>>> print(open('data-v1.csv').read())   # CSV, C-alpha atoms and all ligand atoms
chain,number,residue,atom,x,y,z
A,1106,MET,CA,84.0,-29.7,-17.3
A,1107,ASP,CA,85.7,-26.4,-18.0
A,1108,TYR,CA,83.0,-24.1,-16.9
A,1109,GLN,CA,84.8,-20.9,-17.8
A,1110,SER,CA,85.2,-21.9,-21.4
A,1111,LEU,CA,81.6,-23.1,-21.4
A,1112,LEU,CA,80.3,-19.7,-20.3
A,1113,ASN,CA,82.7,-17.9,-22.7
A,1114,ASP,CA,81.2,-20.0,-25.5
A,1115,VAL,CA,77.7,-19.2,-24.4
A,1116,VAL,CA,78.5,-15.4,-24.5
A,1117,SER,CA,79.9,-15.7,-28.0
A,1118,ASP,CA,77.0,-17.9,-29.2
A,1119,VAL,CA,74.4,-15.3,-28.2
A,1120,ALA,CA,76.3,-12.2,-29.3
A,1121,ALA,CA,74.1,-11.9,-32.4
A,1122,TYR,CA,71.0,-11.5,-30.2
A,1123,ARG,CA,72.3,-8.7,-28.1
A,1124,GLY,CA,70.2,-5.5,-28.4
A,1125,GLN,CA,67.3,-7.3,-30.1
A,1126,GLY,CA,65.0,-7.4,-27.1
A,1127,LYS,CA,62.8,-4.5,-25.9
A,1128,VAL,CA,63.6,-3.0,-22.5
A,1129,ALA,CA,60.5,-2.7,-20.2
A,1130,SER,CA,59.3,0.8,-20.4
A,1131,TYR,CA,56.4,1.0,-17.9
A,1132,ILE,CA,58.8,1.7,-15.0
A,1133,PRO,CA,60.7,4.9,-16.0
A,1134,THR,CA,63.9,3.9,-14.3
A,1135,LEU,CA,64.0,0.5,-15.9
A,1136,ALA,CA,63.5,2.0,-19.3
A,1137,GLN,CA,67.0,3.5,-19.1
A,1138,ALA,CA,68.6,0.1,-19.0
A,1139,ASP,CA,71.1,-0.8,-21.7
A,1140,PRO,CA,69.8,-3.7,-23.9
A,1141,GLN,CA,73.4,-4.5,-24.9
A,1142,LYS,CA,74.3,-5.7,-21.5
A,1143,PHE,CA,74.6,-9.4,-20.8
A,1144,GLY,CA,75.9,-11.3,-17.8
A,1145,ILE,CA,75.9,-14.9,-16.8
A,1146,ALA,CA,76.9,-16.5,-13.5
A,1147,LEU,CA,77.0,-20.2,-12.6
A,1148,VAL,CA,77.4,-21.0,-8.9
A,1149,LEU,CA,78.5,-24.5,-8.0
A,1150,LYS,CA,78.1,-26.7,-4.9
A,1151,ASP,CA,81.1,-25.3,-3.1
A,1152,GLY,CA,79.7,-21.7,-3.6
A,1153,THR,CA,82.2,-20.6,-6.2
A,1154,ALA,CA,81.0,-18.5,-9.1
A,1155,VAL,CA,82.0,-18.9,-12.7
A,1156,THR,CA,81.1,-15.8,-14.6
A,1157,ALA,CA,81.1,-14.1,-18.0
A,1158,GLY,CA,80.0,-10.8,-19.4
A,1159,ASP,CA,78.3,-8.2,-17.1
A,1160,ALA,CA,77.8,-10.8,-14.3
A,1161,GLU,CA,78.9,-8.4,-11.5
A,1162,GLU,CA,76.6,-5.5,-12.5
A,1163,SER,CA,73.6,-4.8,-10.3
A,1164,PHE,CA,70.0,-4.7,-11.5
A,1165,SER,CA,66.7,-4.7,-9.6
A,1166,ILE,CA,65.7,-8.3,-9.0
A,1167,GLN,CA,62.0,-7.5,-9.6
A,1168,SER,CA,59.8,-10.6,-9.6
A,1169,ILE,CA,62.7,-12.9,-8.8
A,1170,SER,CA,62.1,-11.6,-5.3
A,1171,TYR,CA,58.7,-13.5,-5.3
A,1172,VAL,CA,60.7,-16.7,-5.1
A,1173,PHE,CA,62.5,-15.7,-1.9
A,1174,ALA,CA,59.2,-14.2,-0.5
A,1175,VAL,CA,57.5,-17.6,-0.9
A,1176,ALA,CA,60.4,-19.2,1.0
A,1177,GLN,CA,60.0,-16.6,3.7
A,1178,ALA,CA,56.2,-17.0,3.8
A,1179,LEU,CA,56.3,-20.8,4.0
A,1180,HIS,CA,58.7,-20.4,6.9
A,1181,HIS,CA,56.3,-18.1,8.8
A,1182,LEU,CA,52.9,-19.3,7.7
A,1183,LYS,CA,53.6,-22.8,6.7
A,1184,GLY,CA,50.7,-24.5,4.8
A,1185,SER,CA,48.2,-21.7,5.8
A,1186,LEU,CA,49.7,-19.6,3.0
A,1187,TRP,CA,47.7,-21.7,0.5
A,1188,ASN,CA,44.4,-20.5,2.0
A,1189,HIS,CA,45.2,-17.2,0.3
A,1190,VAL,CA,46.9,-18.0,-2.9
A,1191,GLY,CA,46.9,-21.0,-5.3
A,1192,ARG,CA,49.6,-23.0,-7.0
A,1193,GLU,CA,48.5,-23.5,-10.5
A,1194,PRO,CA,50.1,-21.8,-13.5
A,1195,SER,CA,48.0,-18.9,-14.8
A,1196,GLY,CA,48.7,-19.0,-18.5
A,1197,LEU,CA,48.3,-15.2,-18.5
A,1198,PRO,CA,50.6,-12.2,-18.3
A,1199,VAL,CA,52.1,-11.6,-14.9
A,1200,GLY,CA,49.8,-8.7,-13.9
A,1201,SER,CA,46.6,-10.0,-15.5
A,1202,ILE,CA,43.4,-9.1,-13.5
A,1203,VAL,CA,41.0,-11.3,-15.5
A,1204,GLN,CA,41.5,-14.5,-13.6
A,1205,LEU,CA,41.2,-12.7,-10.3
A,1206,GLU,CA,37.6,-11.8,-10.9
A,1207,LEU,CA,36.7,-15.3,-11.9
A,1208,GLU,CA,38.5,-16.8,-8.9
A,1209,LYS,CA,37.2,-14.3,-6.4
A,1210,GLY,CA,40.4,-12.5,-5.5
A,1211,ARG,CA,42.6,-15.6,-4.8
A,1212,PRO,CA,45.6,-15.3,-7.1
A,1213,ARG,CA,46.5,-18.4,-9.1
A,1214,ASN,CA,50.0,-18.7,-7.7
A,1215,PRO,CA,52.6,-16.7,-5.6
A,1216,LEU,CA,54.7,-16.0,-8.7
A,1217,THR,CA,52.1,-13.7,-10.3
A,1218,SER,CA,52.1,-10.0,-9.2
A,1219,GLY,CA,48.7,-10.5,-7.5
A,1220,GLY,CA,50.1,-13.6,-5.8
A,1221,ALA,CA,53.2,-11.8,-4.6
A,1222,ILE,CA,51.1,-8.9,-3.3
A,1223,VAL,CA,49.1,-11.5,-1.2
A,1224,VAL,CA,52.3,-13.0,0.0
A,1225,CYS,CA,53.5,-9.6,1.2
A,1226,ASP,CA,50.2,-9.0,2.9
A,1227,GLN,CA,50.4,-12.3,4.7
A,1228,LEU,CA,54.0,-11.5,5.8
A,1229,MET,CA,53.0,-8.1,7.1
A,1230,THR,CA,50.2,-9.6,9.2
A,1231,THR,CA,52.5,-12.2,10.6
A,1232,CYS,CA,55.8,-10.2,11.1
A,1233,GLY,CA,55.0,-6.6,10.5
A,1234,ALA,CA,55.9,-4.6,7.4
A,1235,ALA,CA,59.3,-3.3,8.5
A,1236,ALA,CA,60.4,-6.6,9.9
A,1237,ALA,CA,59.3,-8.5,6.8
A,1238,GLY,CA,61.2,-6.1,4.5
A,1239,ASP,CA,64.3,-6.1,6.7
A,1240,GLU,CA,64.2,-9.9,7.0
A,1241,MET,CA,64.2,-10.2,3.2
A,1242,LEU,CA,67.1,-7.9,2.8
A,1243,GLU,CA,69.1,-9.6,5.5
A,1244,PHE,CA,68.3,-13.0,4.0
A,1245,LEU,CA,69.7,-11.9,0.6
A,1246,ARG,CA,72.7,-10.4,2.2
A,1247,ASP,CA,73.5,-13.5,4.1
A,1248,ARG,CA,72.8,-15.9,1.3
A,1249,SER,CA,74.8,-13.9,-1.3
A,1250,GLY,CA,77.6,-13.4,1.3
A,1251,ASP,CA,77.5,-9.7,0.5
A,1252,PRO,CA,76.4,-7.3,3.3
A,1253,SER,CA,76.3,-4.4,0.8
A,1254,VAL,CA,73.2,-5.7,-1.0
A,1255,ALA,CA,70.6,-2.9,-0.8
A,1256,VAL,CA,67.2,-1.6,-1.9
A,1257,ASP,CA,67.3,0.9,-4.8
A,1258,ASP,CA,64.9,3.5,-3.3
A,1259,ASN,CA,64.7,5.6,-6.4
A,1260,LEU,CA,63.5,2.6,-8.4
A,1261,ALA,CA,61.0,1.6,-5.7
A,1262,MET,CA,59.6,5.2,-5.9
A,1263,SER,CA,59.6,5.2,-9.7
A,1264,GLU,CA,57.7,2.0,-9.7
A,1265,SER,CA,55.2,3.1,-7.1
A,1266,ARG,CA,54.5,6.2,-9.1
A,1267,ALA,CA,53.9,4.2,-12.3
A,1268,GLY,CA,52.1,1.5,-10.4
A,1269,ALA,CA,48.5,1.8,-11.6
A,1270,PHE,CA,48.3,-1.9,-12.6
A,1271,ASN,CA,49.6,-3.2,-9.3
A,1272,ARG,CA,47.4,-0.8,-7.4
A,1273,SER,CA,44.4,-2.1,-9.3
A,1274,LEU,CA,45.3,-5.7,-8.6
A,1275,ALA,CA,45.8,-5.0,-4.9
A,1276,ASN,CA,42.5,-3.1,-4.6
A,1277,PHE,CA,40.7,-5.8,-6.5
A,1278,ILE,CA,42.1,-8.5,-4.1
A,1279,ALA,CA,41.2,-6.3,-1.2
A,1280,ALA,CA,37.6,-6.0,-2.5
A,1281,PHE,CA,37.3,-9.8,-2.3
A,1282,GLY,CA,38.6,-9.7,1.3
A,1283,ASN,CA,42.0,-11.4,0.6
A,1284,LEU,CA,44.1,-8.4,1.6
A,1285,HIS,CA,44.3,-7.6,5.3
A,1286,ASN,CA,46.5,-4.5,5.4
A,1287,PRO,CA,46.2,-1.1,3.7
A,1288,VAL,CA,46.8,-1.4,0.0
A,1289,GLU,CA,49.5,1.3,-0.1
A,1290,GLU,CA,51.5,-0.3,2.8
A,1291,VAL,CA,51.3,-3.7,1.1
A,1292,LEU,CA,52.5,-2.2,-2.1
A,1293,SER,CA,55.4,-0.5,-0.5
A,1294,LEU,CA,56.7,-3.8,0.9
A,1295,TYR,CA,56.2,-5.3,-2.5
A,1296,TYR,CA,58.1,-2.6,-4.4
A,1297,ARG,CA,60.8,-2.6,-1.8
A,1298,ASN,CA,61.4,-6.3,-2.4
A,1299,CYS,CA,61.3,-5.8,-6.2
A,1300,SER,CA,63.8,-3.0,-6.0
A,1301,ILE,CA,66.6,-4.9,-4.2
A,1302,ALA,CA,69.7,-4.5,-6.4
A,1303,MET,CA,71.8,-7.5,-7.0
A,1304,SER,CA,74.1,-9.0,-9.7
A,1305,CYS,CA,73.9,-12.3,-11.5
A,1306,SER,CA,76.6,-13.8,-9.3
A,1307,GLN,CA,74.9,-12.6,-6.1
A,1308,LEU,CA,71.5,-13.9,-7.1
A,1309,ALA,CA,72.8,-17.3,-8.2
A,1310,ARG,CA,74.7,-17.6,-5.0
A,1311,ALA,CA,71.6,-16.6,-2.9
A,1312,ALA,CA,69.5,-19.3,-4.5
A,1313,LEU,CA,72.0,-22.1,-4.1
A,1314,PHE,CA,70.0,-23.8,-1.3
A,1315,LEU,CA,67.2,-24.5,-3.8
A,1316,ALA,CA,69.5,-26.8,-5.8
A,1317,PHE,CA,70.5,-28.8,-2.6
A,1318,ASP,CA,67.2,-29.7,-0.9
A,1319,GLY,CA,67.1,-26.5,1.2
A,1320,VAL,CA,70.6,-26.6,2.5
A,1321,ASP,CA,73.3,-24.2,1.4
A,1322,PRO,CA,76.0,-26.7,0.5
A,1323,ALA,CA,78.8,-24.3,0.9
A,1324,THR,CA,78.1,-23.2,4.4
A,1325,GLY,CA,76.0,-26.2,5.6
A,1326,ASP,CA,73.2,-23.8,6.8
A,1327,THR,CA,69.7,-25.3,6.6
A,1328,ILE,CA,67.7,-22.6,4.9
A,1329,THR,CA,64.4,-24.4,4.4
A,1330,THR,CA,63.1,-27.9,4.6
A,1331,GLU,CA,63.6,-30.4,1.8
A,1332,SER,CA,59.9,-30.5,1.1
A,1333,ARG,CA,59.6,-26.7,0.9
A,1334,SER,CA,62.6,-26.5,-1.4
A,1335,ARG,CA,61.1,-29.1,-3.7
A,1336,ARG,CA,57.8,-27.2,-3.8
A,1337,ILE,CA,59.4,-23.9,-4.5
A,1338,ASN,CA,61.2,-25.5,-7.4
A,1339,ALA,CA,57.9,-26.9,-8.6
A,1340,LEU,CA,56.3,-23.5,-8.5
A,1341,MET,CA,59.2,-22.1,-10.5
A,1342,MET,CA,59.0,-24.8,-13.0
A,1343,THR,CA,55.2,-24.5,-13.6
A,1344,CYS,CA,54.7,-20.8,-12.9
A,1345,GLY,CA,58.0,-18.9,-13.1
A,1346,HIS,CA,57.8,-17.3,-16.5
A,1347,TYR,CA,54.4,-15.5,-17.0
A,1348,ASP,CA,52.5,-17.3,-19.7
A,1349,SER,CA,55.7,-18.9,-21.1
A,1350,SER,CA,56.4,-21.3,-18.4
A,1351,GLY,CA,55.7,-24.2,-20.7
A,1352,ASP,CA,58.0,-22.8,-23.3
A,1353,PHE,CA,60.8,-22.4,-20.7
A,1354,ALA,CA,60.3,-26.0,-19.6
A,1355,PHE,CA,60.5,-27.1,-23.2
A,1356,ARG,CA,63.6,-25.0,-24.1
A,1357,VAL,CA,65.5,-25.1,-20.8
A,1358,GLY,CA,63.8,-27.6,-18.5
A,1359,LEU,CA,64.9,-26.2,-15.1
A,1360,PRO,CA,63.0,-24.6,-12.3
A,1361,GLY,CA,63.4,-20.9,-13.0
A,1362,LYS,CA,62.1,-17.3,-12.5
A,1363,SER,CA,62.1,-14.5,-15.0
A,1364,SER,CA,61.9,-10.8,-14.2
A,1365,VAL,CA,61.0,-7.7,-16.0
A,1366,SER,CA,64.5,-6.3,-15.4
A,1367,GLY,CA,65.7,-9.0,-17.8
A,1368,ALA,CA,67.1,-11.5,-15.3
A,1369,ILE,CA,66.4,-15.2,-15.3
A,1370,LEU,CA,67.4,-17.3,-12.3
A,1371,ALA,CA,67.5,-21.1,-12.8
A,1372,VAL,CA,68.1,-24.0,-10.4
A,1373,ILE,CA,70.1,-27.0,-11.6
A,1374,PRO,CA,69.1,-29.6,-8.9
A,1375,GLY,CA,72.2,-31.3,-7.4
A,1376,THR,CA,74.6,-29.2,-9.4
A,1377,GLY,CA,74.1,-25.4,-8.7
A,1378,THR,CA,72.4,-22.3,-9.9
A,1379,VAL,CA,72.7,-20.1,-12.9
A,1380,CYS,CA,71.6,-16.5,-13.4
A,1381,VAL,CA,71.5,-14.6,-16.6
A,1382,TRP,CA,70.7,-10.9,-17.2
A,1383,SER,CA,70.1,-8.9,-20.3
A,1384,PRO,CA,67.5,-6.1,-20.1
A,1385,GLY,CA,66.0,-6.5,-23.6
A,1386,LEU,CA,62.8,-8.7,-23.3
A,1387,ASN,CA,61.0,-10.9,-25.8
A,1388,ALA,CA,57.3,-10.8,-26.6
A,1389,ALA,CA,56.5,-12.9,-23.5
A,1390,GLY,CA,58.4,-10.4,-21.2
A,1391,MET,CA,61.5,-12.7,-20.7
A,1392,SER,CA,65.0,-11.7,-21.3
A,1393,LEU,CA,65.6,-12.4,-25.0
A,1394,VAL,CA,69.4,-12.9,-24.8
A,1395,GLY,CA,69.1,-14.6,-21.4
A,1396,MET,CA,66.7,-17.2,-22.8
A,1397,ALA,CA,69.0,-17.9,-25.7
A,1398,ALA,CA,71.9,-18.2,-23.3
A,1399,LEU,CA,70.1,-20.7,-21.1
A,1400,GLU,CA,69.0,-22.7,-24.0
A,1401,THR,CA,72.6,-22.9,-25.3
A,1402,LEU,CA,73.9,-23.8,-21.9
A,1403,ILE,CA,71.4,-26.7,-21.5
A,1404,ASP,CA,72.1,-28.0,-25.0
A,1405,ARG,CA,75.8,-28.2,-24.1
A,1406,THR,CA,75.4,-29.6,-20.6
A,1407,GLY,CA,72.3,-31.7,-20.7
A,1408,TRP,CA,71.3,-30.2,-17.3
A,1409,SER,CA,67.5,-30.2,-18.0
A,1410,VAL,CA,65.6,-32.1,-15.4
A,1411,PHE,CA,63.8,-33.9,-18.2
A,1412,VAL,CA,66.8,-35.8,-19.6
A,1501,LIG,N1,57.9,-5.0,-9.9
A,1501,LIG,C1,57.4,-5.5,-11.2
A,1501,LIG,C2,55.9,-5.3,-11.3
A,1501,LIG,O1,55.2,-5.4,-10.3
A,1501,LIG,C3,57.8,-7.0,-11.2
A,1501,LIG,C4,57.3,-7.6,-12.5
A,1501,LIG,C5,58.2,-8.6,-13.0
A,1501,LIG,O2,59.4,-8.7,-12.7
A,1501,LIG,O3,57.7,-9.4,-13.8
A,1501,LIG,O4,55.5,-4.8,-12.3
>>> encode(input="data-v1.csv", output="structure tokens")
Amino acid sequence: MDYQSLLNDVVSDVAAYRGQGKVASYIPTLAQADPQKFGIALVLKDGTAVTAGDAEESFSIQSISYVFAVAQALHHLKGSLWNHVGREPSGLPVGSIVQLELEKGRPRNPLTSGGAIVVCDQLMTTCGAAAAGDEMLEFLRDRSGDPSVAVDDNLAMSESRAGAFNRSLANFIAAFGNLHNPVEEVLSLYYRNCSIAMSCSQLARAALFLAFDGVDPATGDTITTESRSRRINALMMTCGHYDSSGDFAFRVGLPGKSSVSGAILAVIPGTGTVCVWSPGLNAAGMSLVGMAALETLIDRTGWSVFV
């Protein structure tokens, strides 16, 4: 298949949607993003990236970091992670507090904000805050093959200042005894992970091990076990897109994770990974253009796991 023409076609197919989405405004720094931007990167088994549009431009990975944090937590905590967080889709917006009250401070899954906050707390208890944050950054540098990947500190600060919702979630979880470190320290690790700046090609490259049973096929490095890789993909499929995970399965049919910065990472088992980015969001909080692009890509390739 001529992947370059495929991506070029996708870019022209979705051109009409560019600028239609609404950029997230609750984080001041994110509100400045340009909704006209659109990038797509496809990384194949040998690690090569095929790209189109703004695929090399950096954005904050936001909740896509939750996926890598789960891999990190499963490595350190193994199955005991599930004593603190569930693995059911929530069917609610990412930062919803409603379910947390009913379910006594145990977040539905690690791909909600509350769940990711609990994952950070568990990592802090096990490794220490600084080590957990450094390990995440090193991991993404190694996996993307780019040592210059860094945290956008201004963004992390901007998010913390605007962080009343996440602060509420964290305090609520703490009130139920499911947070074991000081709220502000847990949030600072959480914001640090969310504010790591990467491009579509770096993100797709970093996640390649998830398409190959936990092994990075280009380097041969074992990143996680086959069973953990499979389960991370299962979480992405069922819980990766706020209350639109069903719609994503229906329209795209791949394990994936959306973020508020307008990125969507998707895993094509046995083939590779794809990352799209366009800051304008649809009503469900997913990249509007990114979603259209992935749908077009899957229509043309038949890469859905449901074929
Ligand atoms: N850092 C963002 C927040 O906590 C992540 C949300 C997202 O990407 O969905 O609000």
>>> atom_distance(input="data-v1.csv", atom1="atom CA of A:Leu1242", atom2="atom CA of A:Ala1371")
20.4 Å
>>> residues_near_ligand(input="data-v1.csv", ligand="ligand LIG 1501 (chain A)", cutoff="8 Å", atoms="only C-alpha atoms and all ligand atoms", output="PyMOL selection string")
chain A and resi 1132+1166-1169+1199-1200+1217-1218+1264+1268+1270-1271+1295-1296+1299-1300+1347+1363-1366+1390
>>> residues_around(input="data-v1.csv", residues="stretch 1305-1311 of chain A", least_positions_apart="6", cutoff="7 Å", atoms="all atoms listed in the file", output="NGL selection string")
:A and (1144-1148 or 1152 or 1154 or 1160-1161 or 1245 or 1248-1249 or 1370 or 1378-1382)
>>> atom_distance(input="data-v1.csv", atom1="atom CA of A:Leu1315", atom2="atom CA of A:Asp1258")
28.1 Å
>>> residues_around(input="data-v1.csv", residues="A:Val1224", least_positions_apart="4", cutoff="12 Å", atoms="only C-alpha atoms", output="PyMOL selection string")
chain A and resi 1170-1183+1185-1191+1211-1212+1214-1220+1228-1232+1234+1237+1275+1278+1283-1286+1291-1292+1294-1295+1298
>>> atom_distance(input="data-v1.csv", atom1="atom CA of A:Ser1110", atom2="atom CA of A:Gly1395")
17.7 Å
>>> closest_residue(input="data-v1.csv", among="A:Cys1344, A:Ala1312, A:Ala1368, A:Ala1323", to="A:Phe1244", atoms="all atoms listed in the file")
A:Ala1312
>>> residues_around(input="data-v1.csv", residues="A:Pro1384", least_positions_apart="3", cutoff="10 Å", atoms="all atoms listed in the file", output="count of residues only")
27
>>> residues_around(input="data-v1.csv", residues="A:Ala1339", least_positions_apart="6", cutoff="12 Å", atoms="only C-alpha atoms", output="list in words")
Val1172, Arg1192, Glu1193, Pro1194, Asn1214, Pro1215, Leu1216, Leu1315, Ala1316, Ser1332, Arg1333, Gly1345, Ser1350, Ala1354, Gly1358, Leu1359, Pro1360, Gly1361, Lys1362, Ala1371, Val1372, Pro1374 and Val1410 of chain A
>>> residues_around(input="data-v1.csv", residues="A:Gly1282", least_positions_apart="5", cutoff="12 Å", atoms="only C-alpha atoms", output="list in words")
His1189, Lys1209, Gly1210, Arg1211, Val1223, Asp1226, Ala1275, Asn1276, Phe1277, Pro1287 and Val1288 of chain A
>>> closest_residue(input="data-v1.csv", among="A:Thr1153, A:Glu1208, A:Ser1293, A:Ala1389", to="A:Ser1349", atoms="only C-alpha atoms")
A:Ala1389
>>> closest_residue(input="data-v1.csv", among="A:Leu1149, A:Leu1340, A:Cys1225, A:Val1155", to="A:Thr1376", atoms="all atoms listed in the file")
A:Leu1149
>>> build_atoms(input="data-v1.csv", residues="stretch 1284-1302 of chain A", atoms="N, CA, C and O atoms", output="mmCIF file, keeping the file's coordinate frame")
data_model
loop_
_atom_site.group_PDB
_atom_site.id
_atom_site.type_symbol
_atom_site.label_atom_id
_atom_site.label_comp_id
_atom_site.auth_asym_id
_atom_site.auth_seq_id
_atom_site.Cartn_x
_atom_site.Cartn_y
_atom_site.Cartn_z
ATOM 1 N N LEU A 1284 42.995 -9.249 1.237
ATOM 2 C CA LEU A 1284 44.100 -8.400 1.600
ATOM 3 C C LEU A 1284 43.757 -7.809 2.988
ATOM 4 O O LEU A 1284 42.659 -7.280 3.139
ATOM 5 N N HIS A 1285 44.662 -7.911 3.949
ATOM 6 C CA HIS A 1285 44.300 -7.600 5.300
ATOM 7 C C HIS A 1285 44.959 -6.333 5.849
ATOM 8 O O HIS A 1285 44.753 -5.931 6.986
ATOM 9 N N ASN A 1286 45.806 -5.751 5.028
ATOM 10 C CA ASN A 1286 46.500 -4.500 5.400
ATOM 11 C C ASN A 1286 46.239 -3.467 4.365
ATOM 12 O O ASN A 1286 45.830 -3.791 3.252
ATOM 13 N N PRO A 1287 46.477 -2.186 4.701
ATOM 14 C CA PRO A 1287 46.200 -1.100 3.700
ATOM 15 C C PRO A 1287 46.961 -1.319 2.433
ATOM 16 O O PRO A 1287 48.170 -1.641 2.457
ATOM 17 N N VAL A 1288 46.260 -1.137 1.320
ATOM 18 C CA VAL A 1288 46.800 -1.400 0.000
ATOM 19 C C VAL A 1288 48.197 -0.698 -0.173
ATOM 20 O O VAL A 1288 49.171 -1.321 -0.611
ATOM 21 N N GLU A 1289 48.282 0.581 0.172
ATOM 22 C CA GLU A 1289 49.500 1.300 -0.100
ATOM 23 C C GLU A 1289 50.692 0.731 0.753
ATOM 24 O O GLU A 1289 51.836 0.706 0.306
ATOM 25 N N GLU A 1290 50.386 0.256 1.941
ATOM 26 C CA GLU A 1290 51.500 -0.300 2.800
ATOM 27 C C GLU A 1290 51.925 -1.663 2.235
ATOM 28 O O GLU A 1290 53.113 -1.981 2.242
ATOM 29 N N VAL A 1291 50.972 -2.447 1.737
ATOM 30 C CA VAL A 1291 51.300 -3.700 1.100
ATOM 31 C C VAL A 1291 52.206 -3.487 -0.095
ATOM 32 O O VAL A 1291 53.253 -4.123 -0.294
ATOM 33 N N LEU A 1292 51.773 -2.523 -0.915
ATOM 34 C CA LEU A 1292 52.500 -2.200 -2.100
ATOM 35 C C LEU A 1292 53.912 -1.726 -1.832
ATOM 36 O O LEU A 1292 54.868 -2.000 -2.558
ATOM 37 N N SER A 1293 54.027 -0.993 -0.742
ATOM 38 C CA SER A 1293 55.400 -0.500 -0.500
ATOM 39 C C SER A 1293 56.333 -1.574 -0.093
ATOM 40 O O SER A 1293 57.504 -1.554 -0.512
ATOM 41 N N LEU A 1294 55.867 -2.603 0.620
ATOM 42 C CA LEU A 1294 56.700 -3.800 0.900
ATOM 43 C C LEU A 1294 57.031 -4.500 -0.434
ATOM 44 O O LEU A 1294 58.171 -4.890 -0.707
ATOM 45 N N TYR A 1295 55.999 -4.636 -1.245
ATOM 46 C CA TYR A 1295 56.200 -5.300 -2.500
ATOM 47 C C TYR A 1295 57.210 -4.624 -3.406
ATOM 48 O O TYR A 1295 58.123 -5.266 -3.943
ATOM 49 N N TYR A 1296 57.115 -3.300 -3.511
ATOM 50 C CA TYR A 1296 58.100 -2.600 -4.400
ATOM 51 C C TYR A 1296 59.476 -2.580 -3.749
ATOM 52 O O TYR A 1296 60.471 -2.604 -4.459
ATOM 53 N N ARG A 1297 59.509 -2.580 -2.435
ATOM 54 C CA ARG A 1297 60.800 -2.600 -1.800
ATOM 55 C C ARG A 1297 61.528 -3.923 -2.134
ATOM 56 O O ARG A 1297 62.703 -3.924 -2.511
ATOM 57 N N ASN A 1298 60.794 -5.044 -2.060
ATOM 58 C CA ASN A 1298 61.400 -6.300 -2.400
ATOM 59 C C ASN A 1298 61.838 -6.350 -3.887
ATOM 60 O O ASN A 1298 62.921 -6.823 -4.223
ATOM 61 N N CYS A 1299 60.979 -5.819 -4.768
ATOM 62 C CA CYS A 1299 61.300 -5.800 -6.200
ATOM 63 C C CYS A 1299 62.502 -4.963 -6.529
ATOM 64 O O CYS A 1299 63.188 -5.183 -7.527
ATOM 65 N N SER A 1300 62.753 -3.949 -5.698
ATOM 66 C CA SER A 1300 63.800 -3.000 -6.000
ATOM 67 C C SER A 1300 65.146 -3.309 -5.361
ATOM 68 O O SER A 1300 66.064 -2.481 -5.380
ATOM 69 N N ILE A 1301 65.275 -4.482 -4.791
ATOM 70 C CA ILE A 1301 66.600 -4.900 -4.200
ATOM 71 C C ILE A 1301 67.535 -5.064 -5.425
ATOM 72 O O ILE A 1301 67.181 -5.698 -6.428
ATOM 73 N N ALA A 1302 68.696 -4.444 -5.315
ATOM 74 C CA ALA A 1302 69.700 -4.500 -6.400
ATOM 75 C C ALA A 1302 70.692 -5.580 -6.182
ATOM 76 O O ALA A 1302 71.316 -5.618 -5.120
#
